[in-house]
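Chemist: For reference, this is data_27.csv, and it has CSV, C-alpha atoms.
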```csv
chain,number,residue,atom,x,y,z
W,1,MET,CA,0.0,0.0,0.0
W,2,ALA,CA,1.4,3.4,-0.9
W,3,TRP,CA,0.9,6.4,1.3
W,4,VAL,CA,0.0,9.7,-0.3
W,5,VAL,CA,1.1,12.8,1.5
W,6,ALA,CA,-1.0,15.9,0.9
W,7,GLN,CA,1.0,18.9,0.1
W,8,GLU,CA,-0.1,22.5,-0.3
W,9,VAL,CA,0.5,23.8,-3.8
W,10,SER,CA,1.1,27.4,-4.5
W,11,ALA,CA,-1.6,29.2,-6.5
W,12,SER,CA,-0.7,31.7,-9.2
W,13,SER,CA,-2.8,33.8,-11.6
W,14,THR,CA,-2.1,36.2,-14.4
W,15,MET,CA,-4.4,38.5,-16.3
W,16,ALA,CA,-4.4,41.1,-19.0
W,17,VAL,CA,-5.7,44.3,-17.5
W,18,PRO,CA,-7.2,47.1,-19.5
W,19,HIS,CA,-4.8,50.1,-19.5
W,20,GLY,CA,-7.0,52.5,-17.6
W,21,PRO,CA,-8.8,53.0,-14.3
W,22,ILE,CA,-11.4,50.3,-14.9
W,23,GLY,CA,-8.8,47.6,-15.0
W,24,VAL,CA,-7.5,48.4,-11.5
W,25,GLY,CA,-10.9,47.5,-9.9
W,26,GLN,CA,-11.2,44.3,-11.9
W,27,ALA,CA,-7.8,43.1,-10.9
W,28,ARG,CA,-8.3,44.0,-7.3
W,29,ARG,CA,-11.5,42.0,-7.1
W,30,ARG,CA,-10.0,39.0,-8.8
W,31,MET,CA,-6.9,39.0,-6.7
W,32,ARG,CA,-8.9,39.4,-3.4
W,33,GLY,CA,-11.1,36.4,-4.3
W,34,GLU,CA,-8.3,34.1,-5.4
W,35,LEU,CA,-6.1,34.9,-2.4
W,36,ARG,CA,-8.9,34.4,0.1
W,37,ALA,CA,-9.8,31.1,-1.6
W,38,SER,CA,-6.2,30.0,-1.3
W,39,GLY,CA,-6.3,30.6,2.4
W,40,ALA,CA,-3.9,33.6,2.5
W,41,PRO,CA,-4.1,35.5,5.8
W,42,ASP,CA,-6.4,38.6,5.7
W,43,ALA,CA,-3.5,41.0,6.4
W,44,VAL,CA,-1.5,39.6,3.5
W,45,VAL,CA,-4.5,39.8,1.2
W,46,ASP,CA,-5.2,43.4,2.2
W,47,ASP,CA,-1.5,44.4,1.7
W,48,ALA,CA,-1.3,42.5,-1.6
W,49,VAL,CA,-4.5,44.1,-3.0
W,50,LEU,CA,-3.2,47.6,-2.1
W,51,ILE,CA,0.1,46.9,-3.7
W,52,LEU,CA,-1.5,45.6,-6.9
W,53,SER,CA,-3.7,48.7,-7.0
W,54,GLU,CA,-0.7,51.0,-6.6
W,55,LEU,CA,1.3,49.2,-9.3
W,56,LEU,CA,-1.6,49.2,-11.8
W,57,SER,CA,-2.3,52.8,-11.1
W,58,ASN,CA,1.4,53.7,-11.7
W,59,ALA,CA,1.3,51.7,-14.9
W,60,TYR,CA,-1.8,53.6,-16.0
W,61,ARG,CA,-0.4,57.0,-15.2
W,62,HIS,CA,3.2,56.7,-16.1
W,63,ALA,CA,3.7,53.9,-18.7
W,64,ARG,CA,2.6,52.7,-22.1
W,65,PRO,CA,0.3,49.7,-22.5
W,66,LEU,CA,1.7,46.5,-24.0
W,67,PRO,CA,0.9,45.5,-27.6
W,68,PRO,CA,-1.1,44.0,-29.2
W,69,ASP,CA,-4.1,44.6,-27.0
W,70,ASP,CA,-3.1,47.8,-25.2
W,71,SER,CA,-3.2,46.2,-21.8
W,72,VAL,CA,-0.8,45.7,-18.9
W,73,ARG,CA,-0.2,42.2,-17.3
W,74,ALA,CA,-0.8,41.6,-13.7
W,75,GLY,CA,0.2,38.4,-11.9
W,76,TRP,CA,0.4,37.1,-8.4
W,77,ARG,CA,1.5,33.9,-6.7
W,78,CYS,CA,0.6,32.7,-3.3
W,79,ALA,CA,3.1,30.2,-1.9
W,80,ALA,CA,2.2,27.5,0.6
W,81,ASP,CA,3.8,29.5,3.4
W,82,GLY,CA,1.5,32.5,2.7
W,83,GLU,CA,4.0,34.6,0.9
W,84,VAL,CA,2.4,36.5,-2.0
W,85,THR,CA,4.4,37.9,-4.9
W,86,ILE,CA,2.7,40.5,-7.1
W,87,ALA,CA,4.0,41.7,-10.5
W,88,VAL,CA,2.8,44.2,-13.0
W,89,THR,CA,4.3,44.4,-16.5
W,90,ASP,CA,3.7,47.4,-18.8
W,91,GLY,CA,5.3,49.0,-21.9
W,92,GLY,CA,7.6,51.2,-19.8
W,93,GLY,CA,7.6,55.0,-19.7
W,94,PRO,CA,9.9,58.0,-19.8
W,95,THR,CA,11.2,57.4,-16.3
W,96,ARG,CA,12.3,54.4,-14.2
W,97,PRO,CA,10.0,53.6,-11.2
W,98,MET,CA,11.6,55.1,-8.1
W,99,PRO,CA,10.2,56.1,-4.7
W,100,SER,CA,9.8,59.9,-4.3
W,101,THR,CA,9.4,62.3,-1.4
W,102,PRO,CA,6.4,64.4,-2.4
W,103,SER,CA,5.4,67.6,-0.6
W,104,VAL,CA,2.7,67.4,2.0
W,105,THR,CA,0.3,69.1,-0.5
W,106,ALA,CA,1.2,66.9,-3.5
W,107,ARG,CA,-1.7,65.0,-5.0
W,108,GLY,CA,0.4,61.9,-5.8
W,109,GLY,CA,3.9,60.4,-5.6
W,110,ARG,CA,3.4,58.2,-2.6
W,111,GLY,CA,2.7,54.8,-4.3
W,112,LEU,CA,6.1,53.3,-4.3
W,113,SER,CA,6.7,54.5,-0.7
W,114,ILE,CA,3.5,52.7,0.3
W,115,ILE,CA,4.8,49.6,-1.5
W,116,THR,CA,8.1,49.9,0.3
W,117,SER,CA,6.4,50.1,3.7
W,118,LEU,CA,4.1,47.0,3.0
W,119,ALA,CA,6.4,44.7,1.1
W,120,VAL,CA,9.3,42.6,2.3
W,121,THR,CA,11.1,43.6,-0.9
W,122,TRP,CA,10.3,44.9,-4.3
W,123,GLY,CA,12.1,45.6,-7.5
W,124,VAL,CA,12.0,46.5,-11.2
W,125,ARG,CA,13.0,44.4,-14.2
W,126,GLU,CA,13.4,45.8,-17.6
W,127,ASP,CA,13.2,43.8,-20.8
W,128,ALA,CA,14.6,46.0,-23.6
W,129,GLU,CA,13.9,43.3,-26.2
W,130,LEU,CA,10.2,43.3,-25.5
W,131,ASP,CA,10.1,47.0,-24.5
W,132,ALA,CA,8.5,45.9,-21.2
W,133,VAL,CA,9.0,46.8,-17.5
W,134,THR,CA,7.9,44.6,-14.6
W,135,VAL,CA,7.6,46.0,-11.1
W,136,TRP,CA,7.2,43.3,-8.5
W,137,ALA,CA,6.7,43.1,-4.7
W,138,VAL,CA,6.7,40.3,-2.1
W,139,VAL,CA,4.3,40.4,0.9
W,140,THR,CA,4.4,38.0,3.9
W,141,ASP,CA,2.3,37.6,7.0
W,142,THR,CA,3.4,40.0,9.8
W,143,GLY,CA,3.4,37.0,12.2
W,144,SER,CA,1.8,36.6,15.5
W,145,GLY,CA,2.1,39.1,18.3
W,146,GLY,CA,2.7,42.0,16.0
W,147,ASP,CA,6.1,41.0,14.8
W,148,GLU,CA,7.6,43.3,12.3
W,149,LYS,CA,7.9,42.3,8.7
W,150,PRO,CA,11.5,41.5,7.7
W,151,GLY,CA,13.3,43.5,5.0
W,152,LYS,CA,11.0,46.4,4.0
W,153,ASN,CA,13.5,47.7,1.5
W,154,ALA,CA,13.9,48.1,-2.2
W,155,ALA,CA,17.0,45.8,-2.4
W,156,GLY,CA,17.3,44.2,-5.7
W,157,LEU,CA,15.7,47.0,-7.7
W,158,ASP,CA,17.4,45.5,-10.7
W,159,GLY,CA,16.7,42.0,-9.7
W,160,THR,CA,14.1,39.3,-10.3
W,161,ALA,CA,14.1,37.7,-6.9
W,162,GLY,CA,10.5,37.0,-6.0
W,163,LEU,CA,9.3,36.5,-9.6
W,164,ASP,CA,10.3,32.8,-9.7
W,165,GLY,CA,7.1,30.8,-9.8
W,166,ILE,CA,4.8,33.3,-11.4
W,167,ALA,CA,4.4,31.5,-14.6
W,168,GLY,CA,4.5,33.9,-17.4
W,169,LEU,CA,6.3,36.6,-15.6
W,170,ASP,CA,9.7,34.7,-15.2
W,171,GLY,CA,11.8,36.7,-17.6
W,172,CYS,CA,8.8,37.9,-19.6
W,173,GLU,CA,10.1,36.1,-22.6
W,174,GLY,CA,7.5,36.5,-25.3
W,175,LEU,CA,4.4,37.6,-23.4
W,176,ASP,CA,2.5,35.7,-26.0
W,177,ALA,CA,4.2,32.4,-25.0
W,178,CYS,CA,2.3,32.2,-21.7
W,179,GLU,CA,-0.8,30.3,-22.8
W,180,GLY,CA,-3.0,28.8,-20.2
W,181,LEU,CA,-2.2,31.2,-17.4
W,182,GLY,CA,-5.5,33.1,-17.3
W,183,GLY,CA,-4.7,36.2,-19.2
W,184,LEU,CA,-1.1,36.6,-20.2
W,185,ASP,CA,-2.0,35.0,-23.5
W,186,GLY,CA,-3.9,38.2,-24.4
W,187,SER,CA,-7.3,37.3,-23.0
W,188,SER,CA,-8.8,39.6,-20.4
W,189,VAL,CA,-10.9,38.7,-17.4
```
Show me this structure written as structure tokens.

Modeler:
Amino acid sequence: MAWVVAQEVSASSTMAVPHGPIGVGQARRRMRGELRASGAPDAVVDDAVLILSELLSNAYRHARPLPPDDSVRAGWRCAADGEVTIAVTDGGGPTRPMPSTPSVTARGGRGLSIITSLAVTWGVREDAELDAVTVWAVVTDTGSGGDEKPGKNAAGLDGTAGLDGIAGLDGCEGLDACEGLGGLDGSSV
């Protein structure tokens, strides 16, 4: 008789998001539902949804959409340990994503600072061949008893640590080559 050991499998999802404000809400709702269904802790879900919203808003405001469907790509992976990696790929813009220090009266400019405070780490990966930029972040549970999240820095701004396992966002090689991943193949949800 063979024993089968149940093992938690990480869940990942990707989607083409319309380049505009309507896409942000669609992606937030889908992510929240999928992360809750996967059993991610509420605090992680809330942080991940806020980060996704900030990344998509930045892509909408500061970057070009991806051809051929004028969308951006959003992806997330929830590991068995509850760690969530979020990534948004767009067509790049005139500047590289960097945190800023806006004035008290500024209407914007706080998104990457919010991400820095919520994520364990985050970074930017550019793919000159595809003319695409991916901004990613990793969120973990704060732990019991109010333990602080480790890291909270933008180490690896040029790295890809944390993108491993989000099928379709590893390297962004040929965004059309990501069939079956719920959206990177050009379909939108």

Chemist: Can you tell me which residues surround W:Asp70 at a distance of at most 10 Å, considering only C-alpha atoms, apart from same-chain residues fewer than 2 positions away, and format the answer as a PyMOL selection string?

Modeler: chain W and resi 16-20+64-68+72+90-91+186

Chemist: Using Å and a single decimal, report how far atom CA of W:Gly92 sits from atom CA of W:Val124.

Modeler: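 Result for atom CA of W:Val124 versus atom CA of W:Gly92: 10.7 Å, one decimal.
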
Chemist: Provide the atom CA of W:Ala137 to atom CA of W:Gly123 distance in Å, to one decimal place.

Modeler: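 So the two atoms, atom CA of W:Ala137 and atom CA of W:Gly123, lie 6.6 Å apart.
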
Chemist: Need the shell around W:Leu35: protein/DNA/RNA residues with any atom at most 8 Å away, counting only C-alpha atoms. Skip same-chain ones fewer than 5 positions apart. Format as an MDAnalysis selection string?

Modeler: chainID W and resid 40 45 78

Chemist: Those selected residues, please, written with C-alpha atoms and delivered as a PDB file, in the frame of the given file.

Modeler:
```
ATOM      1  CA  ALA W  40      -3.900  33.600   2.500  1.00  0.00           C
ATOM      2  CA  VAL W  45      -4.500  39.800   1.200  1.00  0.00           C
ATOM      3  CA  CYS W  78       0.600  32.700  -3.300  1.00  0.00           C
TER       4      CYS W  78
END
```

Chemist: Using only C-alpha atoms, give me every residue within 7 Å of (4.2, 59.6, -16.7) in file coordinates, as a list in words.

Modeler: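 Final list of nearby residues, as requested, is Arg61, His62, Ala63, Gly93 and Pro94 of chain W.
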
Chemist: Please produce an output containing C-alpha atoms for each residue in the selection, written as a PDB file, keeping the file's coordinate frame.

Modeler:
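And here's out.pdb as it stands now:
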```
ATOM      1  CA  ARG W  61      -0.400  57.000 -15.200  1.00  0.00           C
ATOM      2  CA  HIS W  62       3.200  56.700 -16.100  1.00  0.00           C
ATOM      3  CA  ALA W  63       3.700  53.900 -18.700  1.00  0.00           C
ATOM      4  CA  GLY W  93       7.600  55.000 -19.700  1.00  0.00           C
ATOM      5  CA  PRO W  94       9.900  58.000 -19.800  1.00  0.00           C
TER       6      PRO W  94
END
```

Chemist: Atom CA of W:Thr134 to atom CA of W:Val88: how many Å, to one decimal?

Modeler: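 Taking atom CA of W:Thr134 and atom CA of W:Val88, their separation equals 5.4 Å.
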
Chemist: Which is closest to W:Thr116 among W:Ala59, W:Ile51, W:Ala80, W:Val133, if we use only C-alpha atoms?

Modeler: W:Ile51

Chemist: Hey, which of W:Ala74, W:Tyr60, W:Thr89, W:Asp42 ends up closest to W:Asp141? Count all atoms listed in the file.

Modeler: W:Asp42

Chemist: Restricting the calculation to all atoms listed in the file: of W:Asp69, W:Trp76, W:Pro41, W:Ala119, which residue gets closest to W:Ala27?

Modeler: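 Of W:Asp69, W:Trp76, W:Pro41, W:Ala119, the one nearest W:Ala27 is W:Trp76, counting all atoms listed in the file.
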
Chemist: Using only C-alpha atoms, which residue out of W:Val84, W:Ala128, W:Gly75, W:Gly23 lies closest to W:Arg36?

Modeler: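 Looking at the shortest contact to W:Arg36, the residue is W:Val84.
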